[in-house]
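Asks: Sending over a structure as structure tokens; questions will come in a sec.
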Amino acid sequence: MTLENVLLEPTLNSVKGIMIMDNNGVRILAKYYDEEIFPNTPAQKKFEKTLFNKTHKANAEIIMLDGLTCLYKSSVDLFFYVIGSGQENELLLMAVLDCLFNSVSGILRKNVDKKSLCDNMEVVMLAMDEMIDNGMIMESDPQQVISRVALRSDDIPLGEQTVAQVLQSAKEQLRWSLLK
């Protein structure tokens, strides 16, 4: 054990990377926050391949790989990963992983699969940005993340709105016209 391991500088940058891969190990969405560990795309792809090979058949939720703490969860044909340093608190990283998974599940209306994810990629990317900013955990409550990235009913085309949404929009417009 070296002096470096004993005296660690406190840091807010808890997350080194966050990613979603399909059941073949192909990156769907990934964000890396440490350029020393993941300096370029080939290094990221190599790490992803090694990580997927170690985790796709395993039944655990956590693995140490290349000195990094990797937490993961699978659903249908997707794998969700959160990467932290070797000294990072696993419970903190698990809170981020749960937030990621539950936010994506809420955004996709419990239909968590590759096709739905690809159809709603921009909202999922926004959710990831709401949760993590440059490695710092900004939000770990999935309901808060979902509410921040949710589309307003005004932004949804009329043909895609439910009857309840159309009635609610009509009520709001009537209220505003009566108040003016």
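The chains in the structure tokens are called A, B, ... from first to last as shown; in each chain the residues are counted from 1, and the ligands are counted from 1 in the order shown.
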Might you pull out every residue within 7 Å of range 71-80 of chain A, with only C-alpha atoms counted and same-chain residues fewer than 3 positions away left off, and present them as a list of chain:residue names?

Replies: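 These residues fall inside the cut-off: A:Met19, A:Ile20, A:Met21, A:Asp22, A:Asn23, A:Glu61, A:Ile62, A:Ile63, A:Ile83, A:Met94, A:Val112, A:Asp113, A:Lys114.
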
Asks: Next, write the just-selected residues to a file, as an mmCIF file, in the first residue's frame, keeping N, CA, C and O atoms as the atom set.

Replies:
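Wrote it out as part-v2.cif, contents follow:
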data_model
loop_
_atom_site.group_PDB
_atom_site.id
_atom_site.type_symbol
_atom_site.label_atom_id
_atom_site.label_comp_id
_atom_site.auth_asym_id
_atom_site.auth_seq_id
_atom_site.Cartn_x
_atom_site.Cartn_y
_atom_site.Cartn_z
ATOM 1 N N MET A 19 -22.529 4.118 -19.296
ATOM 2 C CA MET A 19 -22.780 3.617 -20.643
ATOM 3 C C MET A 19 -23.955 2.652 -20.687
ATOM 4 O O MET A 19 -24.324 2.066 -19.672
ATOM 5 N N ILE A 20 -24.492 2.536 -21.895
ATOM 6 C CA ILE A 20 -25.539 1.565 -22.181
ATOM 7 C C ILE A 20 -25.073 0.797 -23.419
ATOM 8 O O ILE A 20 -24.718 1.403 -24.432
ATOM 9 N N MET A 21 -25.065 -0.541 -23.301
ATOM 10 C CA MET A 21 -24.669 -1.393 -24.425
ATOM 11 C C MET A 21 -25.776 -2.395 -24.722
ATOM 12 O O MET A 21 -26.594 -2.695 -23.853
ATOM 13 N N ASP A 22 -25.778 -2.900 -25.956
ATOM 14 C CA ASP A 22 -26.776 -3.921 -26.293
ATOM 15 C C ASP A 22 -26.260 -5.295 -25.885
ATOM 16 O O ASP A 22 -25.163 -5.429 -25.337
ATOM 17 N N ASN A 23 -27.051 -6.342 -26.159
ATOM 18 C CA ASN A 23 -26.672 -7.684 -25.712
ATOM 19 C C ASN A 23 -25.556 -8.311 -26.552
ATOM 20 O O ASN A 23 -25.170 -9.442 -26.284
ATOM 21 N N GLU A 61 -23.616 -7.849 -9.686
ATOM 22 C CA GLU A 61 -23.934 -6.458 -10.024
ATOM 23 C C GLU A 61 -22.706 -5.575 -10.013
ATOM 24 O O GLU A 61 -22.794 -4.410 -10.380
ATOM 25 N N ILE A 62 -21.587 -6.116 -9.557
ATOM 26 C CA ILE A 62 -20.390 -5.299 -9.399
ATOM 27 C C ILE A 62 -19.156 -6.111 -9.789
ATOM 28 O O ILE A 62 -19.120 -7.324 -9.599
ATOM 29 N N ILE A 63 -18.182 -5.416 -10.372
ATOM 30 C CA ILE A 63 -16.932 -6.062 -10.758
ATOM 31 C C ILE A 63 -15.821 -5.022 -10.670
ATOM 32 O O ILE A 63 -16.045 -3.836 -10.914
ATOM 33 N N ILE A 83 -19.270 3.435 -14.029
ATOM 34 C CA ILE A 83 -17.862 3.175 -13.708
ATOM 35 C C ILE A 83 -17.365 4.246 -12.752
ATOM 36 O O ILE A 83 -17.593 5.438 -12.965
ATOM 37 N N MET A 94 -24.066 2.688 -7.014
ATOM 38 C CA MET A 94 -25.308 1.936 -7.196
ATOM 39 C C MET A 94 -26.506 2.885 -7.245
ATOM 40 O O MET A 94 -27.457 2.653 -8.002
ATOM 41 N N VAL A 112 -38.275 -1.088 -21.625
ATOM 42 C CA VAL A 112 -36.829 -0.894 -21.725
ATOM 43 C C VAL A 112 -36.234 -1.931 -22.673
ATOM 44 O O VAL A 112 -35.954 -3.055 -22.283
ATOM 45 N N ASP A 113 -36.090 -1.555 -23.939
ATOM 46 C CA ASP A 113 -35.423 -2.396 -24.918
ATOM 47 C C ASP A 113 -34.672 -1.505 -25.904
ATOM 48 O O ASP A 113 -34.798 -0.281 -25.878
ATOM 49 N N LYS A 114 -33.870 -2.128 -26.751
ATOM 50 C CA LYS A 114 -32.981 -1.381 -27.643
ATOM 51 C C LYS A 114 -33.748 -0.476 -28.603
ATOM 52 O O LYS A 114 -33.379 0.669 -28.802
#

Asks: Write out as a list in words the set of residues from range 10-79 of chain A that DSSP, computed on the backbone, places in strand (DSSP E or B).

Replies: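 Selection result, strand (DSSP E or B) within range 10-79 of chain A: Asn13, Val15, Lys16, Gly17, Ile18, Met19, Ile20, Met21, Asp22, Arg27, Ile28, Leu29, Ala30, Lys31, Tyr32, Ile62, Ile63, Met64, Leu65, Leu68, Thr69, Cys70, Leu71, Tyr72, Lys73, Ser74, Ser75, Leu78 and Phe79 of chain A.
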
Asks: Out of A:Ile132, A:Ala58, A:Leu100, A:Ala127, which residue has the shortest atom-to-atom distance to Lys16 in chain A when counting only C-alpha atoms?

Replies: A:Ile132

Asks: Residues near Glu139 in chain A, anyone? I mean within 12 Å using only C-alpha atoms, not counting same-chain ones fewer than 2 positions away, as a PyMOL selection string.

Replies: chain A and resi 92+95-100+103+127-133+135-137+141-148

Asks: Which of these, A:Val26, A:Val104, A:Leu167, A:Leu65, has the shortest distance to Gly86 in chain A once you count only C-alpha atoms?

Replies: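 That would be A:Leu65, the residue with the smallest distance to Gly86 in chain A.
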
Asks: Report, in Å to a single decimal, how far apart CA of Thr41 in chain A and CA of Ser85 in chain A are.

Replies: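 A separation of 19.3 Å between them.
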
Asks: Point out the residue among A:Leu68, A:Tyr81, A:Ala60, A:Leu178 with the least atom-to-atom distance to Arg27 in chain A, counting only C-alpha atoms.

Replies: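 Answer, going by the shortest atom-to-atom distance: A:Tyr81.
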
Asks: Out of A:Val124, A:Ala43, A:Val166, A:Cys118, which residue has the shortest atom-to-atom distance to Asn102 in chain A when counting only C-alpha atoms?

Replies: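 Closest candidate: A:Val124.
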
Asks: Quick one: DSSP alpha helix (DSSP H) residues in chain A, as a VMD selection string?

Replies: chain A and resid 3 to 6 41 to 55 90 to 107 114 to 119 121 to 131 142 to 149 163 to 179

Asks: How many Å lie between CA of Leu12 in chain A and CA of Met125 in chain A, rounded to one decimal?

Replies: 21.4 Å

Asks: What gap, in Å, lies between CA of Ser105 in chain A and CA of Phe38 in chain A?

Replies: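 Separation of CA of Ser105 in chain A and CA of Phe38 in chain A: 27.9 Å.
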
Asks: Between A:Ser14, A:Asn59, A:Asn120, A:Thr50, which has the minimum distance to Tyr33 in chain A (counting only C-alpha atoms)?

Replies: A:Ser14
